[in-house]
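Please read the structure below before turning to the comments.
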Number of protein chains: 2
Amino acid sequence: MAKEMITERGVDYSAWYNDIVKNAGLAENSPVRGCMVIKPYGFAIWEKMKDQLDKMFKETGHVNAYFPIFIPKSFLSKEANHVEGFAKECAVVTHYRLKNAEDGSGVVVDPDARLEEELIVRPTSETIIWNTYKDWIHSYRDLPLLINQWANVVRWELRTRAFLRTAEFLWQEGHTAHSSKKEAIEETKTMLDVYAEFAESYMAMPVIKGVKTANERFAGADDTYTIEALMQDGKALQSGTSHFLGQNFAKAFDVKFLNEGNKEEYVWATSWGVSTRLIGGLIMTHSDDDGLVLPPKLAPLQVVIIPIPKANQVITEAVEKIMDSLKAKGISVKYDTDKKKRPGFKFNEYEMKGVPVRIGIGKRDLENNQVEVARRDTKEVFNLPLENLADAIEKLLEDIQNNLLQRSKDFRSQMTSSADTLDEFKDILENKGGFILAHWDGTTETELKIKELTKATIRCIPNDTQDEDGLCILTGKPSKRRVLFAKAY
Amino acid sequence: MAKEMITERGVDYSAWYNDIVKNAGLAENSPVRGCMVIKPYGFAIWEKMKDQLDKMFKETGHVNAYFPIFIPKSFLSKEANHVEGFAKECAVVTHYRLKNAEDGSGVVVDPDARLEEELIVRPTSETIIWNTYKDWIHSYRDLPLLINQWANVVRWELRTRAFLRTAEFLWQEGHTAHSSKKEAIEETKTMLDVYAEFAESYMAMPVIKGVKTANERFAGADDTYTIEALMQDGKALQSGTSHFLGQNFAKAFDVKFLNEGNKEEYVWATSWGVSTRLIGGLIMTHSDDDGLVLPPKLAPLQVVIIPIPKANQVITEAVEKIMDSLKAKGISVKYDTDKKKRPGFKFNEYEMKGVPVRIGIGKRDLENNQVEVARRDTKEVFNLPLENLADAIEKLLEDIQNNLLQRSKDFRSQMTSSADTLDEFKDILENKGGFILAHWDGTTETELKIKELTKATIRCIPNDTQDEDGLCILTGKPSKRRVLFAKAY
């Protein structure tokens, strides 16, 4: 079944992605242009991500709050760079009432109910939040303010793709306020580390941490830090960003505090976010031509048990014991007793949905005190003894989690190249793809020219590359360090 | 401190409510008309509510999903009654782009970016969801569909009050689809029971379960079930509703299924929701003139420990042991070592925030192997031995939870009256307030007339009142049962 439902990656990567989103039941297009419906199984993955991230945010001292979905239009203009980046493709609320159409054809916008000032559906919340912080911050004793919000945001994108780029998406946005530049920069980096830790340890998706070039910075930031992951088609996915906002928003919204020396200063700021885009990254990092592959730590269902060929009392009694022992370890498990579907059909179905471990149990298995186990990542099938099965499954889930990370790391290593000339750079992009470490002269002009020539962009200046003298691949001007290029989503 | 910051309930109930919302740090107005900012402490209460409700929804077989925030205008007109109720005071998105003003004054709406069809920010999601269900439901095997979403919604209210009535609010909306009328009605009632159980066992807020009159029904429902709570000023708060939608939305969006007999039928529907309004109910059920009072099960912080007069090594060592033993029982606890505030100031502060238990520890307490404990509900202060303190605190939290519920039940009993004539009815409303059980002739005309004369509405036809012959208080026509009246929020 699966084979027929999913276009092979090698044939059409983009169709493969869409087929997985559709056939694993993750999301679908809605009648509203660019907005998706996140289906229960897709949403269950987001809930797993959200729960873990929220825990990590709280462990680093943050609390949640909620700010209005609407932003007065004038707020967007208050920070000069911010307005350039965000006051463009927005959903604009102009009226607050509908009325019955006079011809009885339905409802129409009531022209008398025009707002004095238009409201923008938030594309991001810096402006409304810093307008609020003005009243919350007076003294150094009110700082730091470490607040996060889980919310929906809207950016009117022209070309959309499920999870990767949608007009409405779900995200979290942290907005913190600090009494010193140093502390704000530390916060920016701490949250980048939290994102990287989440990506690697939970999503099994290795990421490169680094800082964006001026050209790729968040509109209104002094510095944007990023985690960049590599997808299976050799393109990069910006997976999370953490911004050091300097005093830009404090100045735009006049947010000052009295420092310990009783002198007035502008407040220092950060903001950071990850979104449902991570689900797109998760799909493209691990999945294969048979469907979704999920790391056990984020799988809504970790183990499925399928009776062979169908449930009976003996099998069910054995399964119930197994389920109890798995649940006692906090492992999620489902026993699929649906009689309308044959085992082979079920196998394909759970494969498509990326359930990490499948257990098959038939009469003969029980006679041999064993079960048949299939792991989704490698597709290996083997027998395991009933005795201490839960321990073995727990260990197997860990193995799968580790294997997925290792496999992705190996893929990334293999797909990371160095280029010393533009020709070499172009050749790698054309024939291999992936990350390319290359020298760049540090100017936006060169960066844009390279993009124009090759479609590759500077993903980041990685934190962990070494200083190395070299020459810019485009201009031949001196460079002190390689930066990370790739074509990107 | 507290006394000065909070208007007494008896002096001005509405000001008292606003003072608590403000001084306990729950929420504040935003620059966007009618939209509130939910502050971290207020949001922490919502998170507690959400976590518990979500657990109860999942235990009753529901899963979460997410549907777009925007609804095409034409969708609202598809269900005849629904459009009357919801296509009125809505936020209407008409444009999708801003541009720089030519005079450099900021940004303006780009007139070229007008949407072909306006989008409505969802006031509720029946229409967009049933439009989606059309593709998900084909056969009885696809049913039931038991889906919930946690979301923000917008209703352009003219008169707003924090939590109780705001233009944007947070809520959950369950939308289920069934193959039979019987099953859908059962679902409607099951969810009403879940809400009532949550209100009583977690919020310690007793509620009357019942069904709304035709006049008070949800727009598009065949029946609306409700839980009604009584606030301290004698007014009712509709706290949650569960709607049996019949086949109305299935017909409007043409959602049919093949039943087991292979015949096409329209699908049966329910929807049900509670919102951040519950926080308003929580405040008004328990709080007093010293501030917020929270039931332990929903308190973000259950126990606060305050060193007397300030922290030192001996006290801190003792406190750490207490904290460990409390945390081991899953009790949330904070040790407030802030040296800038004196104990009395802290006492008032935590009283204001409704922290259920306060523990004070000084040198002399330790010498006597005891601590001083204050419970927020009764304001009693007493000593407890250090030995087995965690057990005693655990028991105390249970006592507080139970006491709050009992106190609210007693208040409600005392504030529930019967009236047999309109004069009696008016007299109770004027001099006592509360719930009034009275006979009504069953017509909308009479219901509206009573409302016009007295401002009281029929809150519900309670599930658990007995059949009783009587005469309508307005028309004298025969009635078979008393219904529940009150003035309401």
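Identifiers for the structure tokens are assigned positionally: chains receive A, B, ... in sequence, residues are indexed from 1 per chain, and ligands are indexed from 1 in the order shown.
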
Practice task
Please report as a VMD selection string which residues of chain A come no farther than 7 Å from chain B, using only C-alpha atoms.
Solution key: chain A and resid 32 35 to 40 43 63 to 68 70 72 77 87 to 99 106 to 107 156

Which neighbours of segment 278-287 of chain A fall inside 8 Å, counting only C-alpha atoms, when residues of the same chain fewer than 3 positions from it are skipped, and could you give them as a PDB file with N, CA and C atoms, in the first residue's frame?
```
ATOM      1  N   TYR A  17       7.152  14.843   0.001  1.00  0.00           N
ATOM      2  CA  TYR A  17       6.814  15.567   1.237  1.00  0.00           C
ATOM      3  C   TYR A  17       5.295  15.722   1.376  1.00  0.00           C
ATOM      4  N   ILE A  45       1.808  15.520  17.480  1.00  0.00           N
ATOM      5  CA  ILE A  45       3.262  15.718  17.425  1.00  0.00           C
ATOM      6  C   ILE A  45       3.605  17.111  17.959  1.00  0.00           C
ATOM      7  N   TRP A  46       2.817  18.107  17.536  1.00  0.00           N
ATOM      8  CA  TRP A  46       3.038  19.473  18.028  1.00  0.00           C
ATOM      9  C   TRP A  46       2.865  19.538  19.556  1.00  0.00           C
ATOM     10  N   ALA A 162       2.567  23.087   3.581  1.00  0.00           N
ATOM     11  CA  ALA A 162       2.188  22.615   4.922  1.00  0.00           C
ATOM     12  C   ALA A 162       3.382  22.637   5.873  1.00  0.00           C
ATOM     13  N   PHE A 163       3.209  23.237   7.014  1.00  0.00           N
ATOM     14  CA  PHE A 163       4.191  23.353   8.089  1.00  0.00           C
ATOM     15  C   PHE A 163       5.365  24.281   7.744  1.00  0.00           C
ATOM     16  N   LEU A 164       5.897  24.174   6.535  1.00  0.00           N
ATOM     17  CA  LEU A 164       7.121  24.910   6.219  1.00  0.00           C
ATOM     18  C   LEU A 164       6.882  26.406   6.039  1.00  0.00           C
ATOM     19  N   MET A 203      14.155  15.893  18.673  1.00  0.00           N
ATOM     20  CA  MET A 203      13.829  15.690  17.261  1.00  0.00           C
ATOM     21  C   MET A 203      14.843  14.785  16.565  1.00  0.00           C
ATOM     22  N   MET A 205      17.443  15.753  15.336  1.00  0.00           N
ATOM     23  CA  MET A 205      17.779  16.558  14.163  1.00  0.00           C
ATOM     24  C   MET A 205      18.985  17.438  14.514  1.00  0.00           C
ATOM     25  N   ALA A 229      19.266  23.315  10.129  1.00  0.00           N
ATOM     26  CA  ALA A 229      19.292  21.859   9.944  1.00  0.00           C
ATOM     27  C   ALA A 229      19.374  21.541   8.452  1.00  0.00           C
ATOM     28  N   LEU A 230      19.848  20.351   8.152  1.00  0.00           N
ATOM     29  CA  LEU A 230      19.970  19.954   6.741  1.00  0.00           C
ATOM     30  C   LEU A 230      18.930  18.893   6.403  1.00  0.00           C
ATOM     31  N   MET A 231      18.140  19.177   5.401  1.00  0.00           N
ATOM     32  CA  MET A 231      17.103  18.239   4.985  1.00  0.00           C
ATOM     33  C   MET A 231      17.686  17.210   4.001  1.00  0.00           C
ATOM     34  N   GLN A 232      16.893  16.165   3.729  1.00  0.00           N
ATOM     35  CA  GLN A 232      17.418  15.072   2.905  1.00  0.00           C
ATOM     36  C   GLN A 232      17.658  15.445   1.443  1.00  0.00           C
ATOM     37  N   LEU A 237      17.172  24.102   6.483  1.00  0.00           N
ATOM     38  CA  LEU A 237      15.939  24.610   7.091  1.00  0.00           C
ATOM     39  C   LEU A 237      16.301  25.421   8.328  1.00  0.00           C
ATOM     40  N   SER A 239      15.542  26.594  11.609  1.00  0.00           N
ATOM     41  CA  SER A 239      14.611  25.861  12.465  1.00  0.00           C
ATOM     42  C   SER A 239      14.231  26.601  13.732  1.00  0.00           C
ATOM     43  N   VAL A 274      10.252  29.381  17.926  1.00  0.00           N
ATOM     44  CA  VAL A 274      10.173  28.225  17.025  1.00  0.00           C
ATOM     45  C   VAL A 274       8.693  27.998  16.733  1.00  0.00           C
ATOM     46  N   SER A 275       8.415  27.322  15.637  1.00  0.00           N
ATOM     47  CA  SER A 275       7.031  27.220  15.183  1.00  0.00           C
ATOM     48  C   SER A 275       6.704  25.816  14.692  1.00  0.00           C
ATOM     49  N   ASP A 290       8.557   4.899   2.528  1.00  0.00           N
ATOM     50  CA  ASP A 290       7.399   4.185   3.058  1.00  0.00           C
ATOM     51  C   ASP A 290       6.544   5.046   3.976  1.00  0.00           C
ATOM     52  N   GLY A 291       6.989   6.287   4.209  1.00  0.00           N
ATOM     53  CA  GLY A 291       6.178   7.165   5.042  1.00  0.00           C
ATOM     54  C   GLY A 291       6.980   7.904   6.083  1.00  0.00           C
ATOM     55  N   LEU A 292       6.245   8.357   7.076  1.00  0.00           N
ATOM     56  CA  LEU A 292       6.829   9.135   8.160  1.00  0.00           C
ATOM     57  C   LEU A 292       7.717   8.243   9.024  1.00  0.00           C
ATOM     58  N   VAL A 293       8.815   8.833   9.532  1.00  0.00           N
ATOM     59  CA  VAL A 293       9.622   8.165  10.555  1.00  0.00           C
ATOM     60  C   VAL A 293       9.737   9.145  11.711  1.00  0.00           C
ATOM     61  N   LEU A 294       9.348   8.709  12.898  1.00  0.00           N
ATOM     62  CA  LEU A 294       9.362   9.618  14.052  1.00  0.00           C
ATOM     63  C   LEU A 294      10.346   9.158  15.109  1.00  0.00           C
ATOM     64  N   GLY A 354       4.725   6.335  10.970  1.00  0.00           N
ATOM     65  CA  GLY A 354       6.015   6.477  11.641  1.00  0.00           C
ATOM     66  C   GLY A 354       6.078   5.966  13.063  1.00  0.00           C
ATOM     67  N   LEU A 404      18.555   7.448  14.876  1.00  0.00           N
ATOM     68  CA  LEU A 404      18.053   8.513  14.000  1.00  0.00           C
ATOM     69  C   LEU A 404      18.960   9.726  14.053  1.00  0.00           C
ATOM     70  N   SER A 408      21.317  11.026  10.923  1.00  0.00           N
ATOM     71  CA  SER A 408      21.197  12.406  10.421  1.00  0.00           C
ATOM     72  C   SER A 408      22.533  13.123  10.499  1.00  0.00           C
TER      73      SER A 408
END
```

Problem - For Thr60 of chain A: contacts at 10 Å, only C-alpha atoms, fewer than 6 positions along chain excluded, given as an MDAnalysis selection string - result: chainID A and resid 54 146 187 190:191 194

Go ahead and write the residues just picked, C-alpha atoms, as a short mmCIF file (atom, residue, chain, number, x, y, z; two decimals), in the first residue's frame.
```
data_model
loop_
_atom_site.label_atom_id
_atom_site.label_comp_id
_atom_site.auth_asym_id
_atom_site.auth_seq_id
_atom_site.Cartn_x
_atom_site.Cartn_y
_atom_site.Cartn_z
CA ASP A 54 7.57 24.53 27.58
CA LEU A 146 11.37 36.44 31.18
CA GLU A 187 19.76 35.11 27.28
CA THR A 190 20.89 30.42 26.28
CA MET A 191 17.69 30.14 24.29
CA VAL A 194 17.74 25.32 24.41
#
```

Practice task
Determine, counting only C-alpha atoms, which protein, DNA and RNA residues have an atom within 10 Å of an atom of Arg9 of chain B; residues of the same chain fewer than 2 positions away are not included. Present the result as JSON, numbers by chain.
Solution key: {"B": [6, 7, 11, 12, 13, 14, 15, 16, 17, 232, 233, 287, 288, 289]}

Practice task
Could you give me, as a ChimeraX atom specification, the residues within 10 Å of Leu384 of chain B, counting only C-alpha atoms and dropping anything in the same chain fewer than 3 positions from it?
Solution key: /B:359,365,369-373,381,387-389,392-393

Atoms to include: C-alpha atoms. Write the selected residues as a PDB file, in the first residue's frame.
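Output contents, as saved in result11.pdb:
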```pdb
ATOM      1  CA  ILE B 359       4.302  29.031  56.357  1.00  0.00           C
ATOM      2  CA  ASP B 365       9.733  28.390  65.811  1.00  0.00           C
ATOM      3  CA  ASN B 369      10.259  22.366  66.422  1.00  0.00           C
ATOM      4  CA  GLN B 370       7.295  24.032  64.802  1.00  0.00           C
ATOM      5  CA  VAL B 371       6.250  26.462  62.118  1.00  0.00           C
ATOM      6  CA  GLU B 372       3.493  29.033  61.891  1.00  0.00           C
ATOM      7  CA  VAL B 373       0.882  28.202  59.300  1.00  0.00           C
ATOM      8  CA  VAL B 381      -3.165  31.061  61.885  1.00  0.00           C
ATOM      9  CA  GLU B 387       7.613  16.441  62.337  1.00  0.00           C
ATOM     10  CA  ASN B 388       5.461  15.073  59.514  1.00  0.00           C
ATOM     11  CA  LEU B 389       4.824  18.614  58.354  1.00  0.00           C
ATOM     12  CA  ALA B 392      -0.124  17.865  57.616  1.00  0.00           C
ATOM     13  CA  ILE B 393       0.199  20.409  54.780  1.00  0.00           C
TER      14      ILE B 393
END
```

Problem - Nearby residues (only C-alpha atoms) at most 12 Å from Gly210 of chain A, same-chain spacing under 4 positions excluded, as number ranges by chain - result: A: 188-189, 192-193, 196, 217, 223-229, 238-243, 458-465, 482-485

Exercise for the section: Using atom CA of Glu380 of chain B and atom CA of Leu396 of chain B as the two end points, give the distance in Å to one decimal. Expected result: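 Computing the Euclidean distance for atom CA of Glu380 of chain B and atom CA of Leu396 of chain B yields 11.7 Å.
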
Exercise for the section: Tell me, as a PyMOL selection string, which residues lie within 6 Å of segment 374-378 of chain A, counting only C-alpha atoms; anything in the same chain fewer than 5 positions away does not count. Expected result: chain A and resi 356-358

Handout entry: Minimum-distance residue to Glu173 of chain A, chosen among A:Trp150, A:Trp440, A:Trp130, A:Tyr202 (using only C-alpha atoms)
Key =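 Comparing A:Trp150, A:Trp440, A:Trp130, A:Tyr202 against Glu173 of chain A, the winner is A:Trp150.
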
Fill in the blank from the handout: Atom pair atom CA of Tyr140 of chain A + atom CA of Lys341 of chain B, distance 15.4 Å

Practice task
Write out as JSON, numbers by chain all residues of segment 353-413 of chain A that backbone DSSP assigns to strand (DSSP E or B).
Solution key: {"A": [357, 358, 359, 360, 361, 362, 370, 371, 372, 373, 374, 375, 381, 382, 383, 384, 385]}

Writing out the chosen residues with C-alpha atoms as a JSON list (two decimals), in the first residue's frame:
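This is the output file again34.json:
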```json
[["chain", "number", "residue", "atom", "x", "y", "z"],
["A", 357, "VAL", "CA", 8.07, -0.03, 17.10],
["A", 358, "ARG", "CA", 5.58, -2.58, 15.87],
["A", 359, "ILE", "CA", 4.96, -5.82, 17.73],
["A", 360, "GLY", "CA", 3.19, -8.70, 16.03],
["A", 361, "ILE", "CA", 1.78, -11.55, 18.14],
["A", 362, "GLY", "CA", 0.32, -14.76, 16.80],
["A", 370, "GLN", "CA", 8.25, -14.63, 21.86],
["A", 371, "VAL", "CA", 6.90, -11.79, 19.76],
["A", 372, "GLU", "CA", 7.86, -10.40, 16.37],
["A", 373, "VAL", "CA", 9.25, -6.89, 16.53],
["A", 374, "ALA", "CA", 9.78, -4.44, 13.68],
["A", 375, "ARG", "CA", 11.66, -1.18, 14.10],
["A", 381, "VAL", "CA", 12.25, -7.45, 11.87],
["A", 382, "PHE", "CA", 13.29, -9.86, 14.61],
["A", 383, "ASN", "CA", 11.97, -11.92, 17.49],
["A", 384, "LEU", "CA", 12.18, -10.95, 21.13],
["A", 385, "PRO", "CA", 11.42, -13.19, 24.13]]
```

Completion exercise
Judged by only C-alpha atoms, the minimum distance to Phe198 of chain B among B:Leu53, B:Ile20, B:Ala486, B:Leu405 is found for B:Leu53
